[in-house]
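S.K.: Quick one: the structure is below, questions incoming.
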Amino acid sequence: MAYERIQAPKGSLYHYTQKDRIDTILQDGRIRRFGDRECWFCTSLADTLRLMEMTIMKEGHPYVDARGFLQRYPAFVPEDYVILKLEQRYQNGEWVRWNQEMPPGCPPETLAEAAEFSLLKKGFRGDLKFRQNPQVLEVAPLLEEQAPGMDMTMKL
């Protein structure tokens with residue numbers, strides 16, 4: 001895994017989370033990193049939905065958690081998730097991209113998917129403070145709007 005420093009994103013940020021965490025996040029006014037070095041964001045709703053499609057929507061697929069342990073994604077229940085559309089408050093901090101490394105000899109399709117995955121998300125080193133009253137978007141209705149085979153290019 002190779003980290004790369006990037007410029008702070010401009011404009012709105014999108015962050016998906018489980019619905020049962022939303023009250024605490026709104027009270028704190030920040031996205032916390034919870035055991036990881038970074039908290040992660042996308043710069044569009046379409047990117048956020050695509051990132052979810054490549055991660056938490058892949059029931060049973062393996063992933064490595066923040067502690068370095070191999071886990072499997074549980075069943076995805078859209079009604080359990082929301083996406084926050086945030087406006088960040090000014091703060092010092094480092095923004096990074098995590099460039100997924102692949103072993104030599106991977107098929108071109110796998111390399112392309114790894115590159116796409118790496119470009120979708122932006123990491124903030126620390127807890128990101130955001131302006132009051134972020135927009136809270138329910139995931140289930142957003143997914144119902146998506147037709148099968150779409151590339152998640154809807155705009156908000």
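Residues in the structure tokens are named by chain (A, B, ... in the order shown) and by number from 1 within that chain; ligands are numbered from 1 in the order shown.
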Find the residues around Glu94 in chain A up to 9 Å (only C-alpha atoms counted), leave out those fewer than 6 positions away in its own chain, and share them as a PyMOL selection string.
M.R.: chain A and resi 5-8+123-126
S.K.: Neighbouring residues of Phe34 in chain A were defined as those with any atom within 10 Å, considering only C-alpha atoms; residues of the same chain fewer than 2 positions away were excluded. Please report them as a ChimeraX atom specification.
M.R.: /A:31-32,36-39,66,126-127
S.K.: Which residue is closest to Pro134 in chain A? Choose from A:Cys106, A:Leu26, A:Met52, A:Ala2 and count only C-alpha atoms.
M.R.: A:Leu26
S.K.: Would you kindly return, as a list in words, each protein, DNA or RNA residue with an atom no farther than 8 Å from any atom of range 75-88 of chain A, considering only C-alpha atoms and excluding same-chain residues fewer than 5 positions away?
M.R.: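 Answer for this query is Gly11, Ser12, Leu13, Tyr14, His15, Tyr16, Thr17, Gln18, Lys19, Asp20, Ile56, Met57, Lys58, Glu59, Gly60, Leu128, Lys129, Phe130, Arg131, Pro134, Gln135, Val136, Leu137, Glu138, Val139, Ala140 and Leu143 of chain A.
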S.K.: Would you put the residues from that selection into a file with C-alpha atoms, as a PDB file, in the first residue's frame?
M.R.:
```
ATOM      1  CA  GLY A  11     -16.112  21.837  -2.528  1.00  0.00           C
ATOM      2  CA  SER A  12     -18.389  19.261  -0.957  1.00  0.00           C
ATOM      3  CA  LEU A  13     -17.183  15.973   0.473  1.00  0.00           C
ATOM      4  CA  TYR A  14     -19.223  12.773   0.742  1.00  0.00           C
ATOM      5  CA  HIS A  15     -18.862  10.195   3.481  1.00  0.00           C
ATOM      6  CA  TYR A  16     -20.915   7.043   3.929  1.00  0.00           C
ATOM      7  CA  THR A  17     -21.634   5.637   7.355  1.00  0.00           C
ATOM      8  CA  GLN A  18     -24.018   3.361   9.156  1.00  0.00           C
ATOM      9  CA  LYS A  19     -27.242   5.067  10.143  1.00  0.00           C
ATOM     10  CA  ASP A  20     -26.813   4.232  13.844  1.00  0.00           C
ATOM     11  CA  ILE A  56     -19.416  -2.854   1.513  1.00  0.00           C
ATOM     12  CA  MET A  57     -21.866  -4.025  -1.140  1.00  0.00           C
ATOM     13  CA  LYS A  58     -19.654  -7.061  -1.906  1.00  0.00           C
ATOM     14  CA  GLU A  59     -21.185  -9.432   0.601  1.00  0.00           C
ATOM     15  CA  GLY A  60     -18.787 -12.198   1.600  1.00  0.00           C
ATOM     16  CA  LEU A 128     -12.262  16.093   9.838  1.00  0.00           C
ATOM     17  CA  LYS A 129     -14.429  18.932  11.155  1.00  0.00           C
ATOM     18  CA  PHE A 130     -17.389  19.971   9.018  1.00  0.00           C
ATOM     19  CA  ARG A 131     -19.849  22.856   8.926  1.00  0.00           C
ATOM     20  CA  PRO A 134     -24.756  18.562   6.503  1.00  0.00           C
ATOM     21  CA  GLN A 135     -27.143  16.965   4.060  1.00  0.00           C
ATOM     22  CA  VAL A 136     -28.024  13.387   5.083  1.00  0.00           C
ATOM     23  CA  LEU A 137     -28.901  11.147   2.140  1.00  0.00           C
ATOM     24  CA  GLU A 138     -30.579   7.791   2.658  1.00  0.00           C
ATOM     25  CA  VAL A 139     -28.768   5.101   0.626  1.00  0.00           C
ATOM     26  CA  ALA A 140     -31.753   2.845  -0.142  1.00  0.00           C
ATOM     27  CA  LEU A 143     -29.839   2.750  -5.073  1.00  0.00           C
TER      28      LEU A 143
END
```
S.K.: Can you list, as a ChimeraX atom specification, every residue of range 54-124 of chain A that DSSP puts in helix (DSSP H, G or I)?
M.R.: /A:54,78-80,108-120
S.K.: Find the distance between CA of Glu101 in chain A and CA of Phe117 in chain A and write it in Å to one decimal.
M.R.: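 Separating CA of Glu101 in chain A from CA of Phe117 in chain A is a distance of 10.9 Å.
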S.K.: Would you return as a ChimeraX atom specification the members of range 7-144 of chain A that DSSP assigns to strand (DSSP E or B) on this structure's backbone?
M.R.: /A:13-18,30-31,38-42,62-64,70-72,81-86,88,94-99,122-125,128-130,135-138
S.K.: Please measure the separation of CA of Leu111 in chain A and CA of Asp47 in chain A, giving the value in Å to one decimal.
M.R.: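 Here the two named atoms are 18.3 Å from each other.
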S.K.: Suppose you want the space between CA of Pro9 in chain A and CA of Ser118 in chain A; what is it in Å?
M.R.: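 Atom-to-atom, CA of Pro9 in chain A and CA of Ser118 in chain A are spaced 15.0 Å apart.
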